[in-house]
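Participant: Please read through the structure below; I'll follow up with questions.
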Amino acid sequence: MNENGSKVIETINLKKEFSVKVKNKGKIRETRVLKAIDGINLHVYEGETLGLVGESGCGKTTTAKVLLGLYPPSSGKIMLEGDDISHLNRSQMKSFRKQAQMVFQDPYESLNPRFKIKHTLMEPLEIHGIGKNKKERYEMAKKILGEAGLRPAEQFMERFPHEMSGGQRQRVAIARALVLEPTFLIADEPVSMLDVSIRAGILKLLRSMIAERKLAGIVISHDISLIRYISDRTAVMYLGKIVEQANTEALIKKRYHPYSEALLEAAPNPDPEVKFSLEKIKGEAPNAVDIPSGCRFHPRCPKCMEICKEVEPKEIEIEEGHMVMCHLYGGAGNE
Amino acid sequence: QFVASTEEPASGDEAVTNQLDPADQVPAIEFWIQTQAADPIRYEAGLMVAESWKELGFEVDAQTREWASMSAEGMKAHEHDAFMVKWGGKPERVDPYHWLYSMHHSSAADEGGYNIAGYINPVYDALAEEFATNLDLEARQSAAMEMQELLARDVPQPPMFKLELKNAYNQAKFTNVTPGVGLGVYSFWNFMNITPKTDDKILNLGQVNDINLLNPLATKTGQDIYMLKNIYDPLVRLDVKGEAVLWLATELNEIDDTTIEITIRDDVKFHDGEPLTVEDVKFTFDFAKEVNSPTYKGHVKSIESVEITGENTVTFKLFEPYAPFISNTLSQCLILPKHIWSKAYEEKGAEGVLTWDNLPAIGSGPFVFDYWRPNEEFALKTNKEYFQKPKIDAIIRTPYAQAIGLVQGLVAGEVELTSANMLPLDLEAVAKNPDIAIVELPDEGSYIIHYNMRTAPFDDVYARRALTMAIPRQKIIDVVLDGGGLSTFSLISETNEFWFNPDVEQLDFNLDAARKELENAGYRWDDKGRLYYPENFQVTPIMPE
Amino acid sequence: MRLAKYLFKRLIIVFITLFILVSIVFLMFRVIPGDPVSMFIDSGLDAESQQLMMKLYGLDKPIPEQYIIYMKNLFRGDLGNSFTYGKSVVEVISERFLNTLVLTLTSLMIAFTLGIKTGSFLAWHRNSKIDLVGTILALIVRCAPVFWTGMILLSIFAFKLEWLPLGGMTSVGQNFTGFWDKILSLDFLKHLILPAITSALYSMATPTLLMRTSMLEVIKEDYIELAYAKGIPEKKVRRRHAMRTALLPVVTIFAVQAGLAIGGSVLVETVFRWPGMGREIVLAVSSRDYPMAQGAFLFIGFATIVFNLIADVLYAYLDPRVSLG
Amino acid sequence: MKNIFKLFKKNIIGIIGLSIFMFFVLVAIFADQLAPYDPMEIQFFAEGGVKRLLSPSMGHLLGTTYMGRDIFSQMVIGTRIAVLVGVISAVCVAFIGTNIGLIAGYFGGIVERILMGIVDVMYGIPFLPFALILVSVLGPGVQNVILAIVLITWRNSSRVIRAQVLSLKNRTFIEAAKLSGASDFRILYKHIAPNVVPVSLIYVSTSMASAIMSESSISFLGLGDPMQVSWGRILFTCYQSQAMFKAPWWVLPPGIAITLLVLSGYMMGRAFEEIANPKLRER
Amino acid sequence: MTLLDVQKLSIEYRLSDGKLRAVDQVSLKLESGDVLGLVGESGCGKSTLVKGIINLLPSNGRIIEGDIVFEDVVLNKLSKESMRKKRWKEISLITQSAMNSLNPVYRVGDQIAEVIIEHEKVGKRSAMEKAEELFDLVGLDRGRLQDYPHQFSGGMKQRAIIAMSLALNPKLIIADEPTTALDVIVQSQILERMNNLLKGYSGSMILVTHDVSVVAQTCTKVAVMYGGKIVEYGDVVQVLKKPNHPYTMGLKNAFPSLIGEKRELVSISGTPPDLSKEILGCRFAERCPFVIERCKGMSLEKTEVENGYFYCIRHAEKEELRKRADLPETWESEV
Ligand SMILES: Nc1ncnc2c1ncn2[C@@H]1O[C@H](COP(=O)(O)OP(=O)(O)OP(=O)(O)O)[C@@H](O)[C@H]1O
Ligand SMILES: Nc1ncnc2c1ncn2[C@@H]1O[C@H](COP(=O)(O)OP(=O)(O)OP(=O)(O)O)[C@@H](O)[C@H]1O
Ligand SMILES: [Mg+2]
Ligand SMILES: [Mg+2]
C-alpha cells in the first residue's frame, strides 16, 4: 500500500524544545531546556495510517502539534506534499490549516462548551469562506455530522457538548476535523477517554473516514493493541525519539528494540489463561529534561551494554521498511 | 444638582426689555466656596449668598474649593472672581494696621499682597499712609475713621458677619478664667490667671488640632505661635484688650520717629538657667534677619538696626516711622536664647535652623516645655522661677482631631478648658455636665467676601454695592449659626472701641435696594430676569464724590 | 542562597515599583492646585515671607530639579522635612506607622482567628441553614462601611453605655516610658478595643468566606476521602487534612489584607481619632505638606508591596507544591 | 449566557442580591418622583424657625438634618449617585480588566510582561490614599471619584482573568479553533472571552460593591462631590455636625443603604463565583 | 471461609430533582484469598458499591437496603466509631484516582505513618520504620519517604498508596481503578507486585476496573457490573472464556489483543442506561442484540452456575448466543 502513494507528510530531523521552569531543591524555580522531540524522521503516504506509540510524556502529542503547526519546530523540516511548511507566514498558515486537521484525546475538552454543535462545525467553514451563505454551510455541516454517525443530524446540530455522551462528542470532533476536507489527519489518543464498549465504533469510523478520503493519517496511542487495529505502520517512540518503525503486523510479530519488546509484553491481554510475563524493564521513563547519555533507554534496558551508556545509536533499516535504533543491531562501534 | 436657580423675573418695571444685546449681559460670577469638610459654616453661607445673588439676576457658578487651592489662587494670586474667607481677629490686629493698611493700600495689590480685592483709591492711600506713619494716636484714629467710611461705601471686600464665640471650661475645677481678645481662653493671660479650685493644679486643655512646630522662626499657625508665647517672652505683650503692656521691657523710650530705646528686666532666666540679656535681644532681631525667618520677616523688616546701648538697654533704629512698631513688632518677636541658636546655626546653617524642630524648646517664659507626643499630648509645666507665676502647675494639651471628641471630653471631665468654639449642639451636649461653664466673647475677626475689582462685574462699584446688599446676613446668622452671630459692616470689630467707626454706611440685606442701586446705575434685566449692563457702560471703580 | 537571590530579584522589582509610585505621587502633588505656603497666608505672611518660605521648602526651583533632589535624598533614606511639623518625615511617619500597624495587625489577628474558625465551620455544615445565614452575615459585616460601623459602636459602647473611651489612643495625662510600656498598658487596650473590633468586623468576612470556599474545595479532594478511608477520626480529618490545606490561601490573603488594611486605615483612624498613618495622609494632602504626603504614601505603598512579597514567599513555604520564580 | 442565567436563578444568594440591587435601581430611576423635597432645601416651620433635627414623622419620614433638610429625600436622591458610581465603575473596571487580562494572558511574552508589570505596580498603590490625592488634584466630583476607583480596581480583575485565560488558552478546544484557521482576534473574543464571562461577572458585581463603598468612604472623608447628595456625604455631614449620637434617624439610614447595596453586589458576585467554580456548586 | 458477604445491597443518591439508584440489589461473596475483579463501564456504580461496603458514601448517598457482612459483622449496622476502627485495619480502600489521594501538604512518609499511628498506637519512630519496610516492598526508595507527593511521578504515587494500603495487613484491600492513569509498563509492574504481596499474606482484594484485560491478568473472580447491577459473577476463566451474559460477551469482543490473528473490534452500540430513571427488567435490553419482548418485563431471572451466577432470561440459549456474539455483524445493527 505504501508504494503506490506519494508521501503526504514527511519530517526531517524534526526537533522541538521547550524551556521549562523546573523546581530545584530550594523553593526557587530555574529554567531548563526540555527536549520534547529530539530529531524524528517520519513520513506518511497518502491513504496510509501511521500509528505512534509510546509511554506518557515521550513526545507523541508534541509531535502531532508540531506537525500541525500549533507549535513552531525548533529545528528540522516538515514537508507537506513536498513543500516545506516549517516556517509559514500568516496567510500561508491559514491555507495550510485547511489541509491538516486533528482529533484530540479528550472529547470533553476539545469542544467549546459555549458553542452549539452547529457553531463548532460551521465555524471553520466560515473562517475559510467555504460555502456561499449560512444555509449552505449549515447543510455541509449537517452532512458531515451524519457521516460521523450522529443521526438525525438536525437534532444534534442544536445541542451543546454537555448534552452529549463522550462517544458522541468524539464523533463531533471527527466531523469537525473533516469538515474542511483536509489531506492529512492526526488523531491523538482518540479513544482513551471513552468506555471500552464504544471505542471500537470510533476507531472504525476514523478508519473508514481516512480510507474513504484517502487521507494520510497518524493515530497516536499508548496502547499498542489498539494501534494494531487501525494503523498500517507503527512507530515506537521513546523520550522524543522514534526507536523502531515498521509495518504494524511485522512489528507485532518481530520487534527488535528492547523497548518495543517491553511495551508489547506489558500490554494486558483479555485472555485470562495467558498471564503477564515477569517484569522486564525497571522503573519509569526519565524526565525529558534530563535525558540519559548515550542510548536514552539504557538505564532501563535489560540488554544494556557498555557502549549504550555513551554512544547514541543510529537508525538502521534492519529489514525492508523496518527501522530500528539500537546498538544490538547497529554493529557496535561505528560512530 | 441642587443649586437650582430660582430665578424670578424681576418685578415688572421699566428696566425689563426684550431686545437686549447679549454682549451686554453681565458676565457670570465664579464664586468659590470652601468645602464642607473644611468649614461647614462657610460652605452653607456661601451657598446662601450664591442663591441670593442669583435672585438679583447675576449668573453665579458656585464652586467648592479646598482651602489650599483657594488661598493659592485667590488670596495669593488674586485670580478669583469672588470668594469667602474668615479673617481671624488676633490681638496684633487690634491696632487695625492689618485691616486698614495691609488689606487695602494699593501697594499690597500685587501678587502675594493682602489687598486681595485690588482696591485702588488714591484718597484712601493717602489716609492709609498717614495712619501708618504718624505716631500721633489721634491723627491715626481720625484717618482710620475716614478709611472705614470709604471702605463701607466702595465695598471692595465687605465683611458680612462674625461669630459670637463661646469657650467652655470646667468651673468646678477652675476659676478666674480670663479670655483675651481674639484668642478667647487660648490667650496667654488666661494661662497666667486661671486658678485651680482644687488640689489638681494641672490644666487639661483640649483642642481640635495638635501643635505642629515649635520653632519660633519658622512656625506658621496661630495654635503654635500662641503656645510659643507661653514658653518664650516678647519685649511687650498685648493685654486682654490688645493694648501693649511692658513685659521683658521695663521702659520704652521713643527718642525720635525712628529711634526707640528699650530697657529690659535683669531678672529673667532661660529655662536652662542661662540669664536673658540684651545680647539675646539684639541677637534675636539680627538673627531673624540673617537667616531670613519667614515668621519674623514681616515684623523685622522695618528695623534698620538694633544696638546695645547699655547694660540693660537696646536701641532700635527704624528705616522710617512705623506706628504699630510697639504693638505689632515688639509684641510678636519672641526673644531667643543666643547660646542655643547661635550654636544651632553653626551646626545646621541658616536653612537648617529654619527646618529645625527646636525640641525641647527653651525659652524664658512662664511655662517650660515638658514633653510632646505628637497627636497625643503636649505638656508644659510652670516655670517656678518666673517673675510672675501662673497659678497652675502644668498644662496638658490634647488634640482631639474632631470637635465631637472634644465636646465629649468636656462632658466626661477629661477636658477642663477649650478655646474651640461651642456650637449650639455642643452647648446642648456639654449642658449634661453642670460643671461646664461657658464664656462668651465676640470674635474680633469676621467672614468676608473678597471681590476682585480687577474683573467684571466687580470692577463696578454699583455692582459691588448691589451684590453686597444681596448678602442675606441675618438669614445666614439664623439658619447657619443658629442665631450665634452678628452682622458686621466694618472690618474693625465694634468691641475695638478706639478704632471702630459706628457711623459707616451699612449696606445690609435688602434686595429691593440692591435692585434700585443697579437700576439707578442703568443696569437692565431681560424677561428671564438676567442682568445686563447699562447702555454705553462705563466702569465706575469707586464711588464718585 | 537561592532564596536570597530570588529575594534580591524581587526587591529590585519592589524598588522599581516604589520608584514609579514615588514619581507618580511626586508629579501628582506638583499639579494639585495650591501650595503649602499659601495655606498660611491668612496668618500674616506677607509676600516676601511667602517667597522665603517657598525657598525654604525648595519649591522655588523648577520641578525637574526638585524631582532630582527628592530622588537623591530618597536614595539616602531621607524623605525630607515635613512642612507642617518641621521634623524629618521619616521620624514623624515611623511613629504614626507603628500606631497604624498596632491597630491593623490587632484587628487582622482577631479577624483571621475568628474568620478561619467560622469559615471552616460553615463549610463543614455546607448546605445547611447555618451555612446560608452565616454566609450572608459574613457578607453583611463586610458590606457595612467601617466608618459607619465605627460610629454606631461608638454611639453604643462609648456614648450610651460609657464602657469605653470615645477615641484616641491613650487617656489624657498618662505618662508612658516608652512605646512598649504604652502598648501594653490597660489604658491603651481600652482605647484599642473599639477601633480594633470595628475594623476586625470589616476584615473578618474575607478570611471567613475564603476559608469556607477553600474548605469546600478541599473537602471534595480525594485525599479527604482517603483520610476517612484510613479510619482517621472526623475531627482529625477536619483539622489535620482539610483545614491545614484550606488554610493556605487564607494565610496568603492575610498578608495581602494587611497591606489593604493599612491603606484603608484612614477611615477607622478618622472615626476613632487614632493617631495613625491614614489620618496623617489626609492632613498632609489637605495642607499640601508634600514631603509628608509623599512619604506617607511611600510607606503605605512599601508596606503593601512588602506584604505582598511576604505573601508570595510564605505561600511557597507553606505549600510544598508551589515554588518561587 | 443562558446557562449562566439558569444557574444564577438557582442561587438563593444571587437572587437576593439581584432583588436588592433592582430595588435600588428602581429608586434611583424614580428618585425625582419619590423624593418629597429638594434634598438640599432648608425646611422652615410656618412661624419661621428652621426644622432642625426633627425625628421621623409623617411630614419627614426619616426626620431632618441639623440644617433642616429632609433626610428621606436625601436618601432617595443619594441612591442615584450610589447606583451611578457603582454601575459605571463596575462596567469600566470589568471592561478594562477583562480586556487587559485577555490580551496579557493570550499573547504572552513581552505584552504580558509589560501589562502584568503595570498591574504589579498598581498593586503597590494603596487605594484610599491614592484616591484622596487624585481627587485633590482633579477636584471633587463624581466623575473623578469614578476615575480613581476605575484606575485602581481594574488590576484585580485583570490578574484573575489572565490566569483564567492562561488555563483556557491551552484547552484543546482553543487548539481546535486554531486548527480551523481562526485568527487570534476571533479566538480571543469568540472562544475565550465567553468562557471568562462568569469570572468577569464576578468582577462586575464585586467592583460595583467596592466602588459604592469607595465612593461613600471618599465622601465620608469630605472629598466627595460637594454639589451632589450621596449617602457617604449624608454620613459625613451628620458626623461633622456632631449630631451622630443624637440623631439615630440620621446615622442609620445611609449606613444601612450602603450596606444593602454593597451587599447586593457581593451577593451577586458570590453567585457568579459559584457558577464559575463548579467545585463550589455541586455538593 | 467467607470474608465478605454483600447481600442485596442497594444504594441511592439524592439528587436535586429526584433520586438515582447507583447500586441495585447487588450480592457478592468473597472468600479469603480471592481477588475479585469488578468490571463495568463508567458510571455503572462500581465506586459506589465499594464505597458502600466500607460506609464511605458521600453525604447524599445512602444504603437503602441489604447488608454487608464482613467476617460475621454487619458493617452497615456498626456505629460510626467502630466502623472507623475497622477501616484500613481490616479493609483498606485505595480510592479512584489515587494520584490525587495523597495530601499535597504532608510528606508521603508522614501520611503512611499517620495511619499506622492512628490504628496501632505506636510512636512516630516505629511507624516510620514500618513505612520504610513498606517502601521496600513496593519497590520505592526509602529516601523518598521524606518527599512531598508532587515530587513523585504517577507510578510512584500509586506505589506509595499501595504501600500505605498494606501498612496494617488488612484482610481486604479494595482498589478502585488503581492503574487507570498509568502507562502499560508501569501498570503491569504494579499489578504484578500487588498480586505477589497479597499472596504473601493471603489477603483478599477487590479490584475495580473497566479493563477486562486487567481482570484477566490479575483476578481469580470477576463480577461484571452494568447499570447498577452485577449481571454476571463467577471465576475469571469461566466468565471470560465462556460468558453467559450478552453484555459480557460484547465486552470481551470489544477488547483488542496483540495475541493471535488481527480481529475486527466490535463495539456495543448505544449508551448505558440513565440510572436516575426507573428501569424495568434487564438493564442491558436497550443495547442487547438478543433482546426479546420479555427482557423488558418486570422480572429478572438469576441463573446460578458453578461458583457464580448471571441474570439473563435467555439463559437456556446461552451456547447459541455465545456463538452469534462472536460474529461482528451481530453487534452492528445500528451505528
Ligand atoms: N507546552 C509545553 N511546554 C513545556 N513542556 C511541554 C509542553 N508540551 C509538552 N511538554 C513536555 O514535553 C514532553 C512530551 O510531551 P507530550 O505531551 O508530547 O507527550 P505525550 O507522549 O503526548 O504524552 P501523553 O501520553 O501523556 O499524552 C513532556 O515531558 C511534556 O511535559
Ligand atoms: N455523589 C453523587 N451524587 C449523585 N450521583 C452520583 C454521585 N456519585 C456518583 N453518582 C452517580 O452514580 C452513578 C454511579 O457512579 P459511580 O461513581 O459509582 O460509577 P463508577 O462505576 O465508579 O464509574 P467510573 O468508572 O466512571 O468511576 C453514576 O451515574 C454517577 O453519576
Ligand atoms: Mg499526549
Ligand atoms: Mg468509579
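Chain labels run A, B, ... following the order of the C-alpha cells; each chain numbers its residues from 1, and ligands are numbered from 1 in the order shown.
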So which residues touch segment 109-112 of chain C within 6 Å, counting only C-alpha atoms, skipping near sequence neighbours fewer than 3 positions away, as number ranges by chain?
Facilitator: C: 105-106, 115-116, 200, 203-204, 207
Participant: Any chance you could export the current selection's all heavy atoms as a short mmCIF file (atom, residue, chain, number, x, y, z; two decimals), in the first residue's frame?
Facilitator:
```
data_model
loop_
_atom_site.label_atom_id
_atom_site.label_comp_id
_atom_site.auth_asym_id
_atom_site.auth_seq_id
_atom_site.Cartn_x
_atom_site.Cartn_y
_atom_site.Cartn_z
N LEU C 105 -2.80 45.28 62.73
CA LEU C 105 -2.42 43.89 62.99
C LEU C 105 -3.31 43.28 64.07
O LEU C 105 -3.73 42.13 63.93
CB LEU C 105 -0.94 43.79 63.36
CG LEU C 105 -0.01 44.09 62.17
CD1 LEU C 105 1.44 43.87 62.55
CD2 LEU C 105 -0.36 43.25 60.95
N THR C 106 -3.62 44.05 65.08
CA THR C 106 -4.52 43.50 66.10
C THR C 106 -5.85 43.12 65.47
O THR C 106 -6.36 42.02 65.68
CB THR C 106 -4.82 44.55 67.19
OG1 THR C 106 -3.61 45.17 67.56
CG2 THR C 106 -5.46 43.90 68.40
N GLY C 115 -12.37 34.40 61.75
CA GLY C 115 -12.80 34.11 60.38
C GLY C 115 -12.49 32.68 59.98
O GLY C 115 -13.32 31.99 59.39
N ILE C 116 -11.31 32.24 60.31
CA ILE C 116 -10.91 30.89 59.90
C ILE C 116 -11.81 29.87 60.59
O ILE C 116 -12.30 28.93 59.97
CB ILE C 116 -9.43 30.67 60.24
CG1 ILE C 116 -8.57 31.47 59.25
CG2 ILE C 116 -9.08 29.20 60.18
CD1 ILE C 116 -7.14 31.56 59.64
N ALA C 200 -11.91 44.83 62.60
CA ALA C 200 -11.90 43.37 62.55
C ALA C 200 -13.21 42.87 61.93
O ALA C 200 -13.21 41.97 61.11
CB ALA C 200 -11.73 42.78 63.93
N SER C 203 -12.87 43.31 58.31
CA SER C 203 -11.93 42.41 57.63
C SER C 203 -12.28 40.94 57.82
O SER C 203 -11.69 40.09 57.19
CB SER C 203 -10.51 42.60 58.16
OG SER C 203 -10.30 43.89 58.61
N MET C 204 -13.21 40.66 58.69
CA MET C 204 -13.46 39.28 59.02
C MET C 204 -14.07 38.49 57.87
O MET C 204 -13.82 37.30 57.72
CB MET C 204 -14.39 39.21 60.22
CG MET C 204 -14.19 37.99 61.05
SD MET C 204 -15.40 37.99 62.35
CE MET C 204 -16.34 36.55 61.91
N PRO C 207 -11.45 36.44 55.35
CA PRO C 207 -10.98 35.11 55.74
C PRO C 207 -12.12 34.11 55.93
O PRO C 207 -11.97 32.94 55.58
CB PRO C 207 -10.25 35.34 57.06
CG PRO C 207 -10.65 36.67 57.51
CD PRO C 207 -11.03 37.46 56.31
#
```
Participant: How would you report the residues lying within 10 Å of ligand 4, as a list in words, if you count only C-alpha atoms and all ligand atoms?
Facilitator: Gly40, Glu41, Ser42, Gly43, Cys44, Gly45, Lys46, Ser47, Thr48, Leu49, Val50, Lys51, Thr95, Gln96, Ser97, Asp176, Glu177, Val208, Thr209 and His210 of chain E
Participant: Would you put the residues from that selection into a file with N, CA, C and O atoms, as a CSV table (one decimal), in the first residue's frame?
Facilitator:
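Now in selection07.csv:
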```csv
chain,number,residue,atom,x,y,z
E,40,GLY,N,-16.9,-2.9,34.6
E,40,GLY,CA,-18.1,-2.3,34.1
E,40,GLY,C,-17.8,-0.9,33.5
E,40,GLY,O,-16.7,-0.4,33.8
E,41,GLU,N,-18.7,-0.4,32.8
E,41,GLU,CA,-18.5,0.9,32.1
E,41,GLU,C,-18.5,2.0,33.1
E,41,GLU,O,-19.0,1.8,34.3
E,42,SER,N,-18.1,3.1,32.7
E,42,SER,CA,-18.1,4.3,33.6
E,42,SER,C,-19.5,4.6,34.0
E,42,SER,O,-20.4,4.6,33.2
E,43,GLY,N,-19.6,4.9,35.3
E,43,GLY,CA,-21.0,5.3,35.8
E,43,GLY,C,-21.9,4.1,36.1
E,43,GLY,O,-23.0,4.3,36.4
E,44,CYS,N,-21.4,2.9,36.1
E,44,CYS,CA,-22.3,1.8,36.3
E,44,CYS,C,-22.4,1.5,37.8
E,44,CYS,O,-23.2,0.7,38.2
E,45,GLY,N,-21.7,2.2,38.6
E,45,GLY,CA,-21.9,2.0,40.1
E,45,GLY,C,-20.8,1.3,40.8
E,45,GLY,O,-20.9,1.0,42.0
E,46,LYS,N,-19.6,1.1,40.2
E,46,LYS,CA,-18.6,0.4,40.8
E,46,LYS,C,-18.1,1.1,42.0
E,46,LYS,O,-18.0,0.5,43.1
E,47,SER,N,-17.7,2.3,41.9
E,47,SER,CA,-17.2,3.1,43.0
E,47,SER,C,-18.2,3.1,44.1
E,47,SER,O,-17.9,3.0,45.3
E,48,THR,N,-19.4,3.4,43.7
E,48,THR,CA,-20.5,3.5,44.7
E,48,THR,C,-20.6,2.2,45.6
E,48,THR,O,-20.7,2.2,46.8
E,49,LEU,N,-20.5,1.1,44.9
E,49,LEU,CA,-20.6,-0.2,45.6
E,49,LEU,C,-19.4,-0.3,46.6
E,49,LEU,O,-19.7,-0.7,47.7
E,50,VAL,N,-18.2,-0.1,46.1
E,50,VAL,CA,-17.1,-0.3,47.1
E,50,VAL,C,-17.1,0.7,48.2
E,50,VAL,O,-16.8,0.4,49.3
E,51,LYS,N,-17.5,1.9,47.9
E,51,LYS,CA,-17.6,2.9,49.0
E,51,LYS,C,-18.7,2.5,49.9
E,51,LYS,O,-18.6,2.7,51.1
E,95,THR,N,-8.7,4.6,46.9
E,95,THR,CA,-9.8,5.3,46.1
E,95,THR,C,-9.4,5.6,44.7
E,95,THR,O,-8.2,5.6,44.4
E,96,GLN,N,-10.4,5.8,43.9
E,96,GLN,CA,-10.1,6.1,42.5
E,96,GLN,C,-9.2,7.3,42.4
E,96,GLN,O,-9.3,8.2,43.3
E,97,SER,N,-8.5,7.4,41.4
E,97,SER,CA,-7.5,8.4,41.2
E,97,SER,C,-6.6,8.6,42.4
E,97,SER,O,-6.6,9.7,43.0
E,176,ASP,N,-9.8,0.8,43.8
E,176,ASP,CA,-10.7,1.4,42.8
E,176,ASP,C,-9.8,2.0,41.7
E,176,ASP,O,-9.2,3.0,41.8
E,177,GLU,N,-9.8,1.3,40.6
E,177,GLU,CA,-9.1,1.7,39.4
E,177,GLU,C,-7.7,2.2,39.7
E,177,GLU,O,-7.3,3.3,39.5
E,208,VAL,N,-11.3,-2.8,41.2
E,208,VAL,CA,-12.3,-2.2,40.4
E,208,VAL,C,-11.6,-1.7,39.1
E,208,VAL,O,-10.6,-1.1,39.2
E,209,THR,N,-12.2,-2.0,38.0
E,209,THR,CA,-11.6,-1.5,36.8
E,209,THR,C,-12.6,-1.5,35.7
E,209,THR,O,-13.7,-2.1,35.8
E,210,HIS,N,-12.3,-0.9,34.6
E,210,HIS,CA,-13.2,-1.0,33.4
E,210,HIS,C,-12.5,-1.8,32.3
E,210,HIS,O,-13.0,-2.0,31.3
```
Participant: Can you tell me which residues surround Gly105 of chain D at a distance of at most 10 Å, considering only C-alpha atoms, apart from same-chain residues fewer than 4 positions away, and format the answer as a list of chain:residue names?
Facilitator: D:Asn99, D:Ile100, D:Gly101, D:Gly109, D:Val111, D:Glu112, D:Arg113, D:Leu115, D:Met116, D:Ser158, D:Arg159, D:Val160, D:Ile161, D:Arg162, D:Ala163, D:Gln164, D:Val165, D:Leu166, D:Ser167, D:Leu168, D:Lys169, D:Leu188
Participant: Go through A:Arg29, A:Lys314, A:Lys21, A:His298 one by one, measure the shortest atom-to-atom distance of each to chain C using only C-alpha atoms, and give the residue with the smallest value.
Facilitator: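 Of the candidates, the smallest distance to chain C is held by A:Arg29.
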Participant: Quick one: residues within 8 Å of ligand 1, with only C-alpha atoms and all ligand atoms, as a list in words?
Facilitator: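 So the residues close to ligand 1 are Glu17, Phe18, Ser19, Val20, Leu34, Lys35, Ala36, Ile37, Gly54, Glu55, Ser56, Gly57, Cys58, Gly59, Lys60, Thr61, Thr62, Thr63, Ala64, Asp188, Glu189, Ser221, His222, Leu239, Gly240, Asn287, Ala288 and Val289 of chain A.
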Participant: For the structure I just gave you, how does DSSP split segment 224-286 of chain E - specifically, which residues are alpha helix (DSSP H)? Reply as a count of residues only.
Facilitator: 15
Participant: For segment 42-57 of chain C, list every protein, DNA or RNA residue within 6 Å, evaluated using only C-alpha atoms, and leave out those in the same chain fewer than 4 positions away; present the list as a ChimeraX atom specification.
Facilitator: /B:112-113,294,297
Participant: Just N, CA, C and O atoms for this one: save the residues we selected as a PDB file, in the first residue's frame.
Facilitator:
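Below you can see out-v1.pdb, which holds the result:
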```pdb
ATOM      1  N   GLY B 112       0.517  88.160  46.056  1.00  0.00           N
ATOM      2  CA  GLY B 112       1.064  87.911  47.382  1.00  0.00           C
ATOM      3  C   GLY B 112       0.670  88.961  48.385  1.00  0.00           C
ATOM      4  O   GLY B 112       0.769  88.747  49.581  1.00  0.00           O
ATOM      5  N   GLY B 113       0.223  90.130  47.906  1.00  0.00           N
ATOM      6  CA  GLY B 113      -0.170  91.186  48.829  1.00  0.00           C
ATOM      7  C   GLY B 113      -1.561  90.939  49.368  1.00  0.00           C
ATOM      8  O   GLY B 113      -2.351  90.196  48.789  1.00  0.00           O
ATOM      9  N   PRO B 294      10.932  83.380  57.857  1.00  0.00           N
ATOM     10  CA  PRO B 294       9.677  83.837  57.261  1.00  0.00           C
ATOM     11  C   PRO B 294       8.685  84.320  58.312  1.00  0.00           C
ATOM     12  O   PRO B 294       7.882  85.222  58.033  1.00  0.00           O
ATOM     13  N   LYS B 297      10.007  87.833  59.379  1.00  0.00           N
ATOM     14  CA  LYS B 297      10.306  88.734  58.275  1.00  0.00           C
ATOM     15  C   LYS B 297       9.436  89.986  58.264  1.00  0.00           C
ATOM     16  O   LYS B 297       9.932  91.120  58.238  1.00  0.00           O
TER      17      LYS B 297
END
```
Participant: In Å, how far is it from atom CA of Trp499 of chain B to atom CA of His450 of chain B?
Facilitator: 22.2 Å
Participant: Show me, as a ChimeraX atom specification, every residue of chain C with an atom at most 8 Å from chain B, counting only C-alpha atoms.
Facilitator: /C:32-36,38-43,45-50,52-53,56,81,84-87,166-170,172-173,273,275,286-288
Participant: Counting only C-alpha atoms, which residue out of D:Gly108, D:Leu84, D:Tyr203, D:Lys10 sits closest to chain E?
Facilitator: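 Closest residue, counting only C-alpha atoms: D:Lys10.
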Participant: Write out as a ChimeraX atom specification which residues come within 9 Å of Pro434 of chain B when counting only C-alpha atoms, dropping same-chain ones fewer than 5 positions away.
Facilitator: /B:170-172,411
Participant: Could you write out the selected residues, including N, CA, C and O atoms, as a PDB file, in the first residue's frame?
Facilitator:
```pdb
ATOM      1  N   ASN B 170     -14.215  74.134  82.890  1.00  0.00           N
ATOM      2  CA  ASN B 170     -14.805  73.410  83.998  1.00  0.00           C
ATOM      3  C   ASN B 170     -14.763  74.298  85.232  1.00  0.00           C
ATOM      4  O   ASN B 170     -13.719  74.498  85.848  1.00  0.00           O
ATOM      5  N   GLN B 171     -15.921  74.809  85.615  1.00  0.00           N
ATOM      6  CA  GLN B 171     -15.925  75.773  86.708  1.00  0.00           C
ATOM      7  C   GLN B 171     -15.794  75.112  88.071  1.00  0.00           C
ATOM      8  O   GLN B 171     -15.533  75.786  89.057  1.00  0.00           O
ATOM      9  N   ALA B 172     -15.968  73.819  88.096  1.00  0.00           N
ATOM     10  CA  ALA B 172     -15.779  73.139  89.366  1.00  0.00           C
ATOM     11  C   ALA B 172     -14.298  73.054  89.709  1.00  0.00           C
ATOM     12  O   ALA B 172     -13.916  72.955  90.867  1.00  0.00           O
ATOM     13  N   VAL B 411     -17.522  66.856  78.550  1.00  0.00           N
ATOM     14  CA  VAL B 411     -18.600  66.260  79.330  1.00  0.00           C
ATOM     15  C   VAL B 411     -18.034  65.248  80.306  1.00  0.00           C
ATOM     16  O   VAL B 411     -18.410  65.191  81.474  1.00  0.00           O
TER      17      VAL B 411
END
```
Participant: If we count only C-alpha atoms, what is near Asn156 of chain D at a cut-off of 12 Å, once residues fewer than 3 positions away on the same chain are taken out, given as a PyMOL selection string?
Facilitator: chain D and resi 93-94+96-98+100-101+116+118-120+122-123+149-153+159-163+199-200+202-204+206-207+210
Participant: Please report, as CSV, each residue of chain E lying at most 10 Å from chain D, together with the nearest pair of atoms and the separation in Å rounded to one decimal; use only C-alpha atoms, and order rows by chain and ascending residue number.
Facilitator:
```
residue,atom,partner,partner_atom,distance
E:Ser16,CA,D:Glu282,CA,9.9
E:Pro58,CA,D:Arg283,CA,9.3
E:Ser59,CA,D:Arg283,CA,8.8
E:Asn60,CA,D:Arg283,CA,8.7
```
Participant: Write out the residues from the selection above, keeping N, CA and C atoms, as a CSV table (one decimal), in the first residue's frame.
Facilitator:
```csv
chain,number,residue,atom,x,y,z
E,16,SER,N,-30.9,16.8,43.3
E,16,SER,CA,-31.7,18.0,43.5
E,16,SER,C,-33.1,17.7,42.9
E,58,PRO,N,-20.8,9.5,49.9
E,58,PRO,CA,-20.9,10.9,50.0
E,58,PRO,C,-22.2,11.2,50.8
E,59,SER,N,-22.3,12.4,51.2
E,59,SER,CA,-23.4,12.8,52.1
E,59,SER,C,-24.8,12.5,51.5
E,60,ASN,N,-24.9,12.6,50.2
E,60,ASN,CA,-26.2,12.4,49.6
E,60,ASN,C,-26.5,11.0,49.2
```
Participant: Using only C-alpha atoms and a cut-off of 6 Å, which residues of chain D sit close to chain C? Please list them as a list in words.
Facilitator: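 Listed by rising number, the hits are Val121, Gly124, Ile125, Pro126, Leu128, Val137, Phe245, Gly255, Thr259, Val262, Leu263 and Lys279 of chain D.
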